[in-house]
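For reference, the structure is listed below as structure tokens.
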Amino acid sequence: MMKRDKSEKDDFFVRGPKNLGRVNWKEQGHRRAVMACLVQGVYAMERDQKYKRQNAMAHPWWESFGFVLHRKLIDYDDSIISAIYEYPRIMPSAPKHIIAFRGTLNLHDVKLDLKLIVHCFHRTSRHDIASKAVCEIIDKKGTNVWLAGHSLGAAVAISVAKRLIRERATYLETYLFNPPYPCFQIEKIQSERVKLMIRGALCLGKAILTKELGKSCMDKESLKVLSKWVPWAFVNIEDYISMEYKGYFENRKKMENLGWGCIGRVSSTISFAQIIQPASGLDSDPTHLIPSARLSVNPCKSNCPIELFKLSHGIRQWWADGLHLEAQEFLYEDIK
């Protein structure tokens with residue numbers, strides 16, 4: 001049975017931002033809303049194609065902000081996974097191109113989600129297609145390119161950005177909406193003391209196992225280079241997929257305050273999966289581990305479990321009116 005085409009979710013004039021008006025690229029809230037809308041444009045393009053809509057609904061998601069669709073990126077299953085948008089206007093603080101990546105929509109995407117858990121996403125076709133496209137646009141148009149992604153798409157943006165830094169020393173402005181953080185959901189525990197104890201024990205366990213098993217975390221020079229990249233990360237406190245980023249960064253500061261800064265450093269550069277995985281001869285890269293970020297947390301909640309998931313992990317929340325976020329900047333170089 002074919003799934004019903006719920007076209008209203010892709011209707012910009014019904015679901016899009018109501019009071020954004022003219023975009024001020026110097027205003028962080030405007031940038032966040034526009035970037036989220038461009039990601040939604042990729043979702044809408046894929047559903048336009050899937051449901052063979054006679055009246056395509058995707059184009060207002062970028063045309064409303066003065067963007068032109070430069071190119072669509074297609075994965076080997078023929079699904080639209082990304083879009084490269086061009087901004088023809090010359091305005092201060094505005095990007096020339098934005099590359100947006102959608103999240104999970106089909107079974108192939110679910111398989112990629114599993115690749116994130118075992119830290120081999122960087123060896124997938126999705127990563128290769130995205131990296132090649134980003135490198136091509138930079139070579140032709142310059143480095144005034146921004147990245148954006150939601151959920152799985154945020155992981156794609158992280159993976160591509162890391163590769164550009166390592167291979168080209170190129171740092172791109174990046175917006176991550178609900179980026180996946182695959183681990184136990186410690187952040188749901190109510191007691192701050194219990195959370196600190198559990199995270200402290202896990203960090204200590206990582207440090208001990210890393211040493212005893214002879215595993216190597218990221219070398220200091222690579223970490224120093226990567227830590228200069230400070231992406232914008234947006235998570236919801238109720239989102240099981242991304243909420244651990246809040247604890248990940250806050251715990252690192254707490255460990256430093258307790259005098260356990262060195263242990264906190266090890267925990268930030270290696271995962272348990274890397275430590276315990278057998279020697280396969282293949283390189284491993286935990287996509288979710290990023291040294292620095294400008295983290296914004298949406299504390300909005302709902303009493304309905306179904307609505308809670310839609311709200312907490314949905315892209316729509318990030319262009320909503322009256323959004324009050326708890327923002328904090330975490331720089332790895334701040335750790336002594």
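Scheme for the structure tokens: letters A, B, ... for chains in order shown; per-chain residue numbers from 1; ligand numbers from 1 in order shown.
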List the neighbours of Glu86 in chain A out to 6 Å using only C-alpha atoms; skip same-chain residues closer than 3 positions along the sequence, and give me the result as a CSV table (one decimal) with N, CA and C atoms, in the first residue's frame.
```
chain,number,residue,atom,x,y,z
A,67,PHE,N,17.0,32.7,-3.3
A,67,PHE,CA,18.0,31.7,-3.7
A,67,PHE,C,17.5,31.1,-5.0
A,68,VAL,N,18.5,30.6,-5.8
A,68,VAL,CA,18.3,29.9,-7.0
A,68,VAL,C,18.9,28.5,-6.8
A,70,HIS,N,20.9,25.6,-7.8
A,70,HIS,CA,22.1,25.4,-8.7
A,70,HIS,C,22.2,24.0,-9.1
A,96,LYS,N,27.5,32.9,-0.7
A,96,LYS,CA,27.3,32.8,-2.1
A,96,LYS,C,26.6,31.5,-2.5
A,97,HIS,N,26.9,30.5,-1.8
A,97,HIS,CA,26.3,29.2,-2.0
A,97,HIS,C,26.0,28.5,-0.6
```
Env of range 244-247 of chain A: 12 Å cut, atoms = only C-alpha atoms, seq-sep filter 6 positions within chain, self excluded. Answer as an MDAnalysis selection string. chainID A and resid 176:189 192 195:196 198:200 232:238 253:255 268 288:299 326:330
The selected residues should be written to file as a PDB file, in the first residue's frame (atoms: C-alpha atoms).
```pdb
ATOM      1  CA  LEU A 176      23.543  21.415  12.324  1.00  0.00           C
ATOM      2  CA  PHE A 177      19.870  20.785  13.160  1.00  0.00           C
ATOM      3  CA  ASN A 178      19.239  17.820  15.498  1.00  0.00           C
ATOM      4  CA  PRO A 179      22.626  16.206  14.757  1.00  0.00           C
ATOM      5  CA  PRO A 180      22.688  12.518  15.836  1.00  0.00           C
ATOM      6  CA  TYR A 181      24.675  11.652  18.955  1.00  0.00           C
ATOM      7  CA  PRO A 182      24.584   7.826  19.234  1.00  0.00           C
ATOM      8  CA  CYS A 183      24.957   6.866  22.902  1.00  0.00           C
ATOM      9  CA  PHE A 184      23.000   6.144  26.072  1.00  0.00           C
ATOM     10  CA  GLN A 185      20.544   8.928  26.931  1.00  0.00           C
ATOM     11  CA  ILE A 186      22.114  10.108  30.183  1.00  0.00           C
ATOM     12  CA  GLU A 187      20.658  13.587  29.729  1.00  0.00           C
ATOM     13  CA  LYS A 188      17.159  12.241  30.550  1.00  0.00           C
ATOM     14  CA  ILE A 189      18.232  11.496  34.142  1.00  0.00           C
ATOM     15  CA  GLU A 192      22.412  16.455  38.029  1.00  0.00           C
ATOM     16  CA  LYS A 195      24.470  12.461  35.639  1.00  0.00           C
ATOM     17  CA  LEU A 196      27.848  13.887  36.657  1.00  0.00           C
ATOM     18  CA  ILE A 198      27.824   8.479  35.404  1.00  0.00           C
ATOM     19  CA  ARG A 199      29.569  10.706  32.886  1.00  0.00           C
ATOM     20  CA  GLY A 200      32.643  10.948  35.088  1.00  0.00           C
ATOM     21  CA  TRP A 232      26.200  26.060  14.963  1.00  0.00           C
ATOM     22  CA  ALA A 233      24.438  23.098  16.598  1.00  0.00           C
ATOM     23  CA  PHE A 234      20.707  23.165  17.391  1.00  0.00           C
ATOM     24  CA  VAL A 235      19.218  20.477  19.621  1.00  0.00           C
ATOM     25  CA  ASN A 236      15.987  19.956  21.538  1.00  0.00           C
ATOM     26  CA  ILE A 237      16.171  18.914  25.181  1.00  0.00           C
ATOM     27  CA  GLU A 238      13.525  16.226  24.511  1.00  0.00           C
ATOM     28  CA  LYS A 253      33.552  21.892  31.328  1.00  0.00           C
ATOM     29  CA  LYS A 254      32.571  20.256  34.604  1.00  0.00           C
ATOM     30  CA  MET A 255      35.446  17.774  34.287  1.00  0.00           C
ATOM     31  CA  SER A 268      36.088  14.082  23.627  1.00  0.00           C
ATOM     32  CA  HIS A 288      29.428  12.905  16.228  1.00  0.00           C
ATOM     33  CA  LEU A 289      32.596  13.870  18.119  1.00  0.00           C
ATOM     34  CA  ILE A 290      33.247  17.558  17.437  1.00  0.00           C
ATOM     35  CA  PRO A 291      35.650  19.551  19.628  1.00  0.00           C
ATOM     36  CA  SER A 292      33.887  22.930  19.479  1.00  0.00           C
ATOM     37  CA  ALA A 293      30.389  24.251  18.819  1.00  0.00           C
ATOM     38  CA  ARG A 294      27.959  27.093  19.332  1.00  0.00           C
ATOM     39  CA  LEU A 295      25.226  25.044  20.973  1.00  0.00           C
ATOM     40  CA  SER A 296      21.604  26.224  21.098  1.00  0.00           C
ATOM     41  CA  VAL A 297      19.090  24.163  23.076  1.00  0.00           C
ATOM     42  CA  ASN A 298      15.333  24.366  22.562  1.00  0.00           C
ATOM     43  CA  PRO A 299      13.682  23.660  25.948  1.00  0.00           C
ATOM     44  CA  GLU A 326      19.505  28.510  25.563  1.00  0.00           C
ATOM     45  CA  ALA A 327      22.747  29.289  23.742  1.00  0.00           C
ATOM     46  CA  GLN A 328      26.337  28.727  24.798  1.00  0.00           C
ATOM     47  CA  GLU A 329      29.664  28.577  22.993  1.00  0.00           C
ATOM     48  CA  PHE A 330      32.030  25.690  23.728  1.00  0.00           C
TER      49      PHE A 330
END
```
Spatial neighbours of range 128-140 of chain A, max dist 12 Å, only C-alpha atoms, sep filter under 5 positions, as a PyMOL selection string: chain A and resi 70-76+80-86+96-102+121-123+145-149+153-165+167-168+170-172
Selection: 9 Å around Asn24 in chain A, only C-alpha atoms, excl. self and same-chain fewer than 6 positions, as a VMD selection string: chain A and resid 30 to 31 93 to 94
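You will find CA of Pro92 in chain A at 15.8 Å from CA of Val34 in chain A.
CA of Leu112 in chain A is found 8.3 Å from CA of Arg126 in chain A.
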Going by DSSP on the backbone, which residues of range 52-207 of chain A come out as alpha helix (DSSP H)? List them as an MDAnalysis selection string. chainID A and resid 60:63 107:117 125:141 152:168 192:207
For the atom pair CA of Met57 in chain A and CA of Ala44 in chain A, what is the interatomic distance in Å to one decimal place?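 Pair CA of Met57 in chain A / CA of Ala44 in chain A returns 6.6 Å.
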Extract the full set of strand (DSSP E or B) residues from range 140-239 of chain A according to DSSP on the backbone, and format it as a ChimeraX atom specification. /A:145-150,173-177,232-236
Select, from A:Ser7, A:Ser79, A:Ser191, A:Ser284, the residue with the minimum atom-to-atom distance to Asn55 in chain A, counting only C-alpha atoms.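 Counting only C-alpha atoms, the residue closest to Asn55 in chain A is A:Ser7.
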Nearest to Pro95 in chain A: which of A:Glu173, A:Asp285, A:Glu221, A:Glu46 is it, counting only C-alpha atoms?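 Checking each candidate against Pro95 in chain A, we get A:Glu173 as the closest.
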Selected residue of minimal separation from Glu8 in chain A among A:Ala36, A:Leu69, A:Leu323, A:Ala58, counting only C-alpha atoms: A:Ala58
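Counting only C-alpha atoms, the residue from A:Pro286, A:Pro60, A:Arg166, A:Gln317 that sits nearest to Lys115 in chain A is A:Pro286.
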